[in-house]
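File shown: target10.txt. Contents: compact mmCIF, C-alpha atoms.
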```txt
# COMPACT_ATOMS: atom_id res chain seq x y z
CA MET A 28 -29.36 64.33 126.72
CA SER A 29 -29.97 65.87 130.01
CA ASP A 30 -31.02 69.33 130.59
CA ASN A 31 -27.84 70.20 132.41
CA GLN A 32 -25.66 69.42 129.48
CA LYS A 33 -25.06 72.18 126.95
CA VAL A 34 -23.83 71.80 123.54
CA ILE A 35 -20.89 74.08 122.81
CA ILE A 36 -20.49 74.83 119.18
CA GLN A 37 -17.17 76.56 118.21
CA LYS A 38 -17.14 78.63 115.08
CA PRO A 39 -14.14 78.29 112.90
CA GLU A 40 -11.50 81.17 113.44
CA GLY A 41 -11.24 83.45 110.50
CA ILE A 42 -8.14 84.43 108.58
CA MET A 43 -8.22 88.04 109.71
CA SER A 44 -8.34 86.96 113.33
CA LYS A 45 -5.28 84.79 112.88
CA LEU A 46 -3.38 87.55 111.13
CA GLY A 47 -4.11 90.03 113.89
CA LYS A 48 -2.78 87.70 116.49
CA GLY A 49 0.44 87.11 114.52
CA VAL A 50 1.06 90.82 114.07
CA PHE A 51 0.48 91.38 117.73
CA ALA A 52 2.90 88.60 118.65
CA PHE A 53 5.52 90.05 116.25
CA LEU A 54 5.19 93.51 117.74
CA VAL A 55 5.49 92.10 121.25
CA GLY A 56 8.70 90.24 120.17
CA VAL A 57 10.14 93.36 118.60
CA PHE A 58 9.39 95.30 121.73
CA VAL A 59 11.02 92.73 123.95
CA PHE A 60 14.09 92.54 121.65
CA GLY A 61 14.33 96.29 121.65
CA VAL A 62 14.17 96.38 125.40
CA ILE A 63 16.96 93.79 125.63
CA VAL A 64 19.12 95.53 123.05
CA GLY A 65 18.48 98.85 124.72
CA VAL A 66 19.55 97.48 128.05
CA LEU A 67 22.66 95.83 126.65
CA GLY A 68 23.52 98.70 124.32
CA GLY A 69 23.12 101.25 126.99
CA GLY A 70 25.45 99.27 129.19
CA THR A 71 28.05 98.98 126.44
CA ILE A 72 27.87 102.66 125.60
CA GLY A 73 28.16 103.49 129.22
CA TYR A 74 31.07 101.19 129.56
CA MET A 75 32.77 102.73 126.54
CA VAL A 76 32.10 106.23 127.79
CA GLY A 77 33.59 105.27 131.12
CA VAL A 78 36.64 103.69 129.60
CA SER A 79 37.25 106.59 127.26
CA SER A 80 37.25 109.02 130.12
CA SER A 81 39.73 107.01 132.20
CA PRO A 82 43.31 108.44 132.85
CA GLU A 83 44.98 105.48 131.16
CA VAL A 84 43.10 105.98 127.91
CA LYS A 85 43.75 109.71 128.11
CA ASP A 86 47.50 109.03 128.51
CA LEU A 87 47.44 106.65 125.56
CA ARG A 88 45.58 109.20 123.49
CA ASP A 89 48.11 111.89 124.42
CA TYR A 90 51.02 109.53 123.62
CA ALA A 91 49.53 108.68 120.24
CA TYR A 92 49.14 112.38 119.53
CA ASN A 93 52.77 113.07 120.50
CA VAL A 94 54.01 110.16 118.38
CA SER A 95 52.05 111.55 115.47
CA GLU A 96 53.63 114.99 115.97
CA GLU A 97 57.13 113.49 116.23
CA ASN A 98 56.48 111.46 113.10
CA ILE A 99 55.61 114.66 111.26
CA VAL A 100 58.87 116.25 112.49
CA LEU A 101 60.90 113.18 111.45
CA GLU A 102 59.29 113.14 108.03
CA SER A 103 60.20 116.80 107.64
CA LEU A 104 63.79 116.09 108.77
CA ILE A 105 64.09 113.17 106.32
CA ALA A 106 62.83 115.36 103.53
CA SER A 107 65.44 117.99 104.49
CA ILE A 108 68.24 115.36 104.54
CA ILE A 109 67.21 114.07 101.13
CA SER A 110 67.24 117.64 99.82
CA ASP A 111 70.71 118.25 101.32
CA ARG A 112 71.96 114.97 99.83
CA ASN A 113 70.71 115.94 96.41
CA GLU A 114 72.40 119.32 96.73
CA LEU A 115 75.67 117.68 97.82
CA GLU A 116 75.52 115.30 94.87
CA MET A 117 75.08 118.28 92.57
CA GLN A 118 78.05 120.04 94.19
CA ASN A 119 80.08 116.82 93.91
CA ASP A 120 79.30 116.62 90.19
CA ILE A 121 80.40 120.24 89.80
CA LEU A 122 83.65 119.53 91.70
CA LYS A 123 84.31 116.46 89.53
CA ALA A 124 83.89 118.57 86.41
CA GLN A 125 86.21 121.25 87.86
CA TYR A 126 88.79 118.57 88.78
CA ALA A 127 88.68 117.18 85.24
CA GLU A 128 89.30 120.66 83.86
CA MET A 129 92.16 121.25 86.32
CA TYR A 130 93.68 117.86 85.42
CA LYS A 131 93.61 118.76 81.73
CA SER A 132 95.12 122.16 82.52
CA ASN A 133 97.83 120.50 84.63
CA GLU A 134 98.68 118.10 81.80
CA LYS A 135 99.01 121.05 79.44
CA LEU A 136 101.17 122.95 81.95
CA SER A 137 103.36 119.87 82.41
CA LYS A 138 103.82 119.53 78.66
CA ASP A 139 104.54 123.26 78.35
CA TRP A 140 107.10 122.95 81.17
CA GLN A 141 108.81 120.01 79.45
CA ASP A 142 108.90 121.95 76.19
CA MET A 143 110.36 124.99 77.97
CA ARG A 144 112.92 122.77 79.69
CA SER A 145 113.99 121.29 76.35
CA GLU A 146 114.19 124.74 74.82
CA ASN A 147 116.20 125.97 77.82
CA LEU A 148 118.64 123.07 77.47
CA ALA A 149 119.03 123.78 73.77
CA MET A 150 119.62 127.47 74.51
CA SER A 151 122.18 126.57 77.20
CA ILE A 152 124.09 124.46 74.68
CA GLN A 153 123.95 127.27 72.14
CA ILE A 154 125.17 129.77 74.74
CA SER A 155 128.01 127.44 75.72
CA ASN A 156 129.00 127.04 72.08
CA LEU A 157 128.84 130.80 71.56
CA LYS A 158 131.05 131.32 74.60
CA THR A 159 133.51 128.81 73.19
CA GLN A 160 133.57 130.65 69.85
CA LEU A 161 133.99 133.94 71.70
CA ASP A 162 136.96 132.53 73.63
CA ILE A 163 138.53 131.39 70.37
CA GLU A 164 138.03 134.82 68.82
CA LYS A 165 139.56 136.47 71.88
CA MET A 166 142.60 134.24 71.53
CA LYS A 167 142.97 135.25 67.89
CA VAL A 168 142.94 139.00 68.56
CA SER A 169 144.78 139.04 71.85
CA SER A 170 148.35 138.14 72.68
CA TYR A 171 147.52 137.94 76.33
CA GLN A 172 148.50 134.73 78.00
CA LYS A 173 147.33 133.86 81.44
CA THR A 174 149.96 132.75 83.93
CA TYR A 175 148.92 129.80 86.01
CA SER A 176 150.26 128.77 89.37
CA SER A 177 152.84 126.03 89.07
CA TYR A 178 152.70 122.89 91.14
CA THR A 179 155.36 120.38 92.13
CA ASN A 180 155.16 117.27 89.94
CA THR A 181 155.47 113.78 91.29
CA PRO A 182 158.78 112.08 90.39
CA VAL A 183 157.26 110.03 87.57
CA GLN A 184 155.87 113.14 85.89
CA THR A 185 158.94 115.35 85.59
CA ALA A 186 159.04 114.66 81.86
CA GLN A 187 155.50 115.90 81.26
CA ILE A 188 154.97 118.88 78.95
CA THR A 189 152.88 121.77 80.24
CA ASP A 190 150.89 123.70 77.64
CA SER A 191 149.56 126.93 79.12
CA ALA A 192 149.03 128.71 75.82
CA THR A 193 145.35 127.78 75.64
CA LEU A 194 143.04 129.71 77.93
CA TYR A 195 139.96 128.31 79.62
CA TYR A 196 137.60 130.48 81.62
CA THR A 197 135.35 129.60 84.53
CA THR A 198 131.73 130.29 83.61
CA GLY A 199 130.35 129.83 87.14
CA THR A 200 131.16 128.94 90.72
CA TYR A 201 132.15 125.36 91.50
CA PRO A 202 130.52 123.81 94.58
CA PRO A 203 132.77 123.39 97.63
CA TYR A 204 134.61 120.08 98.05
CA THR A 205 132.50 119.21 101.08
CA SER A 206 129.33 119.03 98.96
CA ARG A 207 130.81 116.76 96.26
CA PRO A 208 130.91 112.95 96.08
CA THR A 209 134.10 111.42 97.45
CA TYR A 210 134.36 108.86 94.63
CA PRO A 211 134.68 109.48 90.87
CA SER A 212 130.98 109.64 90.00
CA ILE A 213 130.64 109.85 86.22
CA ASP A 214 127.31 111.66 86.34
CA ALA A 215 128.49 114.21 88.91
CA PHE A 216 131.87 115.24 87.47
CA THR A 217 131.84 114.82 83.68
CA TYR A 218 129.09 117.13 82.43
CA LEU A 219 130.03 118.81 79.16
CA THR A 220 130.97 122.49 78.94
CA GLY A 221 132.32 124.83 76.29
CA ASN A 222 135.81 124.42 77.75
CA ILE A 223 135.69 120.64 77.30
CA MET A 224 134.36 121.00 73.77
CA LYS A 225 137.12 123.46 72.89
CA PHE A 226 139.80 121.27 74.46
CA SER A 227 138.56 118.15 72.61
CA GLU A 228 137.91 119.69 69.21
CA ALA A 229 139.90 118.27 66.27
CA LYS A 230 142.09 116.12 68.53
CA SER A 231 142.83 112.46 68.00
CA PHE A 232 142.54 110.00 70.86
CA GLU A 233 146.31 109.95 71.31
CA LYS A 234 146.49 113.75 71.24
CA LEU A 235 143.77 114.01 73.90
CA VAL A 236 145.51 111.56 76.21
CA ASN A 237 148.90 113.26 75.86
CA ASP A 238 147.47 116.77 76.31
CA ILE A 239 145.79 115.66 79.55
CA ARG A 240 149.00 113.98 80.67
CA ALA A 241 150.72 117.32 80.02
CA ILE A 242 148.45 119.16 82.47
CA PRO A 243 150.45 119.71 85.70
CA TYR A 244 149.84 117.17 88.43
CA ARG A 245 148.36 118.71 91.56
CA SER A 246 147.72 116.89 94.81
CA HIS A 247 144.70 117.79 96.88
CA ALA A 248 146.62 117.47 100.12
CA ASN A 249 146.86 121.27 100.17
CA ASP A 250 143.06 121.46 99.91
CA ASN A 251 142.79 119.82 103.36
CA ASN A 252 140.91 116.99 101.68
CA ASN A 253 142.80 114.10 100.09
CA TYR A 254 139.48 112.83 98.70
CA ALA A 255 138.63 116.08 96.92
CA ILE A 256 137.64 115.59 93.29
CA GLN A 257 137.50 118.26 90.59
CA TYR A 258 134.94 118.66 87.84
CA ALA A 259 136.33 117.92 84.40
CA ASP A 260 135.80 121.57 83.46
CA GLU A 261 137.59 122.66 86.64
CA THR A 262 140.73 120.71 85.74
CA LEU A 263 140.97 122.78 82.55
CA THR A 264 140.26 126.17 84.13
CA THR A 265 142.74 125.61 86.96
CA ASN A 266 145.30 123.89 84.69
CA GLY A 267 146.01 121.16 87.24
CA GLY A 268 144.65 118.01 88.83
CA ASP A 269 145.46 114.62 90.29
CA CYS A 270 144.92 111.17 88.78
CA THR A 271 141.18 111.14 89.50
CA ASP A 272 140.70 114.59 87.99
CA LYS A 273 142.61 113.64 84.83
CA ALA A 274 140.73 110.37 84.38
CA LEU A 275 137.40 112.19 84.66
CA LEU A 276 138.55 114.86 82.21
CA LEU A 277 139.53 112.21 79.65
CA TYR A 278 136.17 110.49 80.16
CA ALA A 279 134.29 113.78 79.55
CA CYS A 280 136.31 114.48 76.38
CA LEU A 281 135.66 110.99 75.00
CA LYS A 282 131.98 111.30 75.84
CA TYR A 283 131.84 114.57 73.89
CA LYS A 284 133.56 112.91 70.93
CA GLY A 285 130.91 110.18 70.86
CA TYR A 286 132.61 107.18 72.48
CA ASP A 287 130.21 104.59 73.89
CA GLU A 288 129.83 105.15 77.62
CA ASP A 289 128.82 101.52 78.12
CA GLU A 290 132.34 100.57 77.05
CA MET A 291 134.19 102.99 79.38
CA GLY A 292 134.71 103.32 83.11
CA ILE A 293 136.92 104.83 85.82
CA ALA A 294 138.80 102.11 87.73
CA SER A 295 140.21 102.55 91.22
CA ILE A 296 143.38 100.50 91.67
CA SER A 297 146.17 100.05 94.17
CA ASP A 298 149.64 98.56 94.02
CA CYS A 299 149.96 95.02 95.32
CA GLU A 300 151.62 96.16 98.54
CA GLY A 301 148.77 98.55 99.29
CA LYS A 302 151.02 101.64 99.43
CA TYR A 303 149.60 103.62 96.52
CA ASN A 304 146.09 104.24 95.24
CA HIS A 305 145.30 105.41 91.75
CA ASN A 306 142.44 106.06 89.28
CA ILE A 307 142.67 105.26 85.58
CA MET A 308 140.44 104.93 82.51
CA VAL A 309 139.47 101.45 81.31
CA MET A 310 137.94 100.75 77.91
CA THR A 311 136.69 97.65 76.10
CA GLU A 312 137.11 99.18 72.63
CA PRO A 313 140.08 101.59 72.75
CA PRO A 314 140.96 103.26 69.42
CA PHE A 315 144.41 101.73 69.17
CA ASP A 316 145.87 98.37 68.19
CA THR A 317 145.26 95.97 71.08
CA SER A 318 147.02 92.95 69.55
CA ASN A 319 150.31 93.71 71.31
CA VAL A 320 148.97 95.08 74.60
CA ALA A 321 150.87 93.60 77.55
CA ASP A 322 148.97 91.14 79.72
CA ASN A 323 149.26 93.36 82.79
CA HIS A 324 147.68 96.28 80.88
CA LYS A 325 144.39 94.45 80.35
CA PHE A 326 142.13 92.22 82.42
CA GLU A 327 138.94 90.17 82.13
CA LEU A 328 135.92 91.29 84.11
CA GLY A 329 132.17 91.01 83.64
CA GLY A 330 132.60 88.94 80.50
CA LYS A 331 134.64 91.68 78.80
CA THR A 332 138.29 92.49 78.22
CA TRP A 333 139.22 95.87 79.67
CA TYR A 334 142.26 97.83 78.49
CA VAL A 335 144.11 100.33 80.68
CA VAL A 336 144.47 103.98 79.65
CA ASP A 337 146.34 106.08 82.22
CA PRO A 338 146.01 109.86 81.57
CA THR A 339 148.35 110.57 84.52
CA ASN A 340 151.35 108.85 82.95
CA THR A 341 154.11 110.74 81.17
CA ALA A 342 153.14 112.36 77.86
CA GLY A 343 154.46 110.41 74.88
CA PHE A 344 154.36 107.03 76.60
CA PRO A 345 152.25 104.24 74.98
CA MET A 346 148.50 104.68 75.35
CA ASP A 347 148.11 101.47 77.39
CA SER A 348 151.01 102.17 79.80
CA MET A 349 150.61 103.04 83.46
CA LEU A 350 152.63 104.84 86.12
CA ALA A 351 155.66 102.85 87.21
CA TYR A 352 154.13 102.22 90.66
CA TYR A 353 151.53 99.90 89.09
CA ASP A 354 153.33 98.57 86.03
CA SER A 355 154.37 95.22 87.50
CA CYS A 356 151.46 94.41 89.82
CA TYR A 357 148.20 96.07 90.82
CA ILE A 358 144.78 95.24 92.22
CA ILE A 359 141.59 96.30 90.47
CA GLY A 360 139.03 97.51 92.97
CA ASN A 361 135.89 99.50 92.22
CA ILE A 362 134.96 100.42 88.67
CA HIS A 363 132.63 103.38 88.21
CA PHE A 364 130.20 103.63 85.29
CA HIS A 365 127.93 106.32 83.93
CA ASN A 366 124.69 104.44 84.56
CA THR A 367 125.14 103.91 88.28
CA ASP A 368 126.53 105.74 91.29
CA THR A 369 126.92 102.45 93.10
CA LEU A 370 130.52 101.40 93.53
CA GLY A 371 131.27 98.38 91.40
CA GLY A 372 128.54 98.57 88.81
CA TRP A 373 128.14 94.76 88.48
CA ASP A 374 127.82 92.04 91.08
CA ALA A 375 130.77 90.35 89.34
CA VAL A 376 133.14 93.23 90.15
CA PRO A 377 135.19 92.38 93.25
CA ILE A 378 136.01 95.14 95.69
CA HIS A 379 139.81 95.24 95.66
CA GLY A 380 139.95 91.61 94.66
CA LEU A 381 141.27 91.25 91.10
CA LYS A 382 145.07 91.04 91.08
CA VAL A 383 146.85 91.83 87.82
CA SER A 384 150.59 91.28 87.51
CA ASN A 385 153.37 90.28 85.11
```

Translate this file's structure into structure tokens.
Amino acid sequence: MSDNQKVIIQKPEGIMSKLGKGVFAFLVGVFVFGVIVGVLGGGTIGYMVGVSSSPEVKDLRDYAYNVSEENIVLESLIASIISDRNELEMQNDILKAQYAEMYKSNEKLSKDWQDMRSENLAMSIQISNLKTQLDIEKMKVSSYQKTYSSYTNTPVQTAQITDSATLYYTTGTYPPYTSRPTYPSIDAFTYLTGNIMKFSEAKSFEKLVNDIRAIPYRSHANDNNNYAIQYADETLTTNGGDCTDKALLLYACLKYKGYDEDEMGIASISDCEGKYNHNIMVMTEPPFDTSNVADNHKFELGGKTWYVVDPTNTAGFPMDSMLAYYDSCYIIGNIHFHNTDTLGGWDAVPIHGLKVSN
């Protein structure tokens, strides 16, 4: 070994030395990382500060604030609407309850009104009967006889008997002719009164027919209305009437005495030459022997046999006889019934189409 060569002897590094170096390196790394994070973080914060102070962000922030305020207002308005709805529902329930009470009260009032109407009708009948009894009592104690106007009879009625001994009094005002039907409506003209009851009482069918035939015939030509029709009661109080008036009076009397209205009607007829028009009673079950009734005093219609009863004919003539104008040939036109104001009554009834002759 030369003198210029030196021997270098390295001592092994201790544990503490190694640990110190590692700690130092770790601290240096932490420092460097901190510096980097500081730089980056500072930039981000700066950026965020810059963005947050920009006009656009400020506008968005203001808009969000306004939306939040409007949302609060809308929520308050919704709450108010819900409250109003609940109050309206409560009021509606109250109104429903009040309506139910009013409906019950109305039903009671309706029933009370019907009861009062029935009582009023019963009282009216009682009053009418009392008036009839009063009239009878007046006749018993008074010798007064009312003189009626006399009318010229048609040629076929000169043999009729006029009985003016019985008095009948008007209990009200009859409507003017212009407000009455112009055809013999059963419902309109045959309502029952004390006069009709008194006239019908204790009379047989034949007696009724002959007493009505005995009422003086009166044309309505002088009333300026050839189609004028009297109420059944009116024919008694005025002691006169034409064929229509007498037929309606007989109908009312038979109705009072309990005859079936479904088996009676008022028939409008004309002679076969079309010169004369007339109204008579027709019945399916007349209270007299129909075995010998002449063929021209009955006819088939609506599946029934109808028998003629003419209360305008001469008193004392057979019940099924008619005025001489129609005895040989006539045409049945409209038939009027109690259950309809429609002319005809059935579809099977011809209008002036059924010819009846010997």

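Nearest-residue note for His365 of chain A: choosing from A:Met308, A:Ile239, A:Ile293, A:Ile121, the minimum distance belongs to A:Ile293, counting only C-alpha atoms.
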
| request: Tell me which of A:Ile362, A:Val383, A:Ala294, A:Ala255 sits closest to Asp322 of chain A, counting only C-alpha atoms. | output: A:Val383

| said: What's the separation between atom CA of Leu381 of chain A and atom CA of Asn323 of chain A, in Å to one decimal place? | reply: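 Going from atom CA of Leu381 of chain A over to atom CA of Asn323 of chain A covers 11.7 Å.
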
If you count all atoms listed in the file, which residues fall within 8 Å of Glu290 of chain A, apart from same-chain ones fewer than 6 positions away, as a compact mmCIF listing (two decimals) with C-alpha atoms, keeping the file's coordinate frame?
```
# COMPACT_ATOMS: atom_id res chain seq x y z
CA MET A 310 137.94 100.75 77.91
CA THR A 311 136.69 97.65 76.10
CA GLU A 312 137.11 99.18 72.63
```

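The space separating atom CA of Phe364 of chain A from atom CA of Leu281 of chain A comes to 13.8 Å.
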
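Atom pair atom CA of Gly285 of chain A / atom CA of His305 of chain A has a distance of 25.8 Å (rounded to one decimal).
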
File contents for segment 280-305 of chain A with C-alpha atoms as an mmCIF file, in the first residue's frame:
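Produced file result.cif, reproduced below:
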```cif
data_model
loop_
_atom_site.group_PDB
_atom_site.id
_atom_site.type_symbol
_atom_site.label_atom_id
_atom_site.label_comp_id
_atom_site.auth_asym_id
_atom_site.auth_seq_id
_atom_site.Cartn_x
_atom_site.Cartn_y
_atom_site.Cartn_z
ATOM 1 C CA CYS A 280 -179.194 15.017 -12.569
ATOM 2 C CA LEU A 281 -178.246 11.433 -13.465
ATOM 3 C CA LYS A 282 -174.737 11.996 -12.147
ATOM 4 C CA TYR A 283 -176.204 13.194 -8.836
ATOM 5 C CA LYS A 284 -178.432 10.113 -8.680
ATOM 6 C CA GLY A 285 -175.403 7.842 -9.057
ATOM 7 C CA TYR A 286 -175.513 6.727 -12.695
ATOM 8 C CA ASP A 287 -172.177 5.541 -14.085
ATOM 9 C CA GLU A 288 -170.560 8.368 -16.017
ATOM 10 C CA ASP A 289 -168.531 5.889 -18.064
ATOM 11 C CA GLU A 290 -171.826 4.680 -19.542
ATOM 12 C CA MET A 291 -173.201 8.138 -20.460
ATOM 13 C CA GLY A 292 -172.325 10.848 -22.953
ATOM 14 C CA ILE A 293 -173.639 13.879 -24.837
ATOM 15 C CA ALA A 294 -173.880 13.182 -28.580
ATOM 16 C CA SER A 295 -173.912 15.866 -31.247
ATOM 17 C CA ILE A 296 -176.027 14.789 -34.229
ATOM 18 C CA SER A 297 -177.433 16.249 -37.419
ATOM 19 C CA ASP A 298 -180.179 15.230 -39.795
ATOM 20 C CA CYS A 299 -179.050 13.405 -42.921
ATOM 21 C CA GLU A 300 -179.599 16.462 -45.111
ATOM 22 C CA GLY A 301 -177.400 18.594 -42.864
ATOM 23 C CA LYS A 302 -180.143 21.160 -42.132
ATOM 24 C CA TYR A 303 -180.504 20.677 -38.382
ATOM 25 C CA ASN A 304 -178.034 20.106 -35.569
ATOM 26 C CA HIS A 305 -178.962 18.675 -32.216
#
```
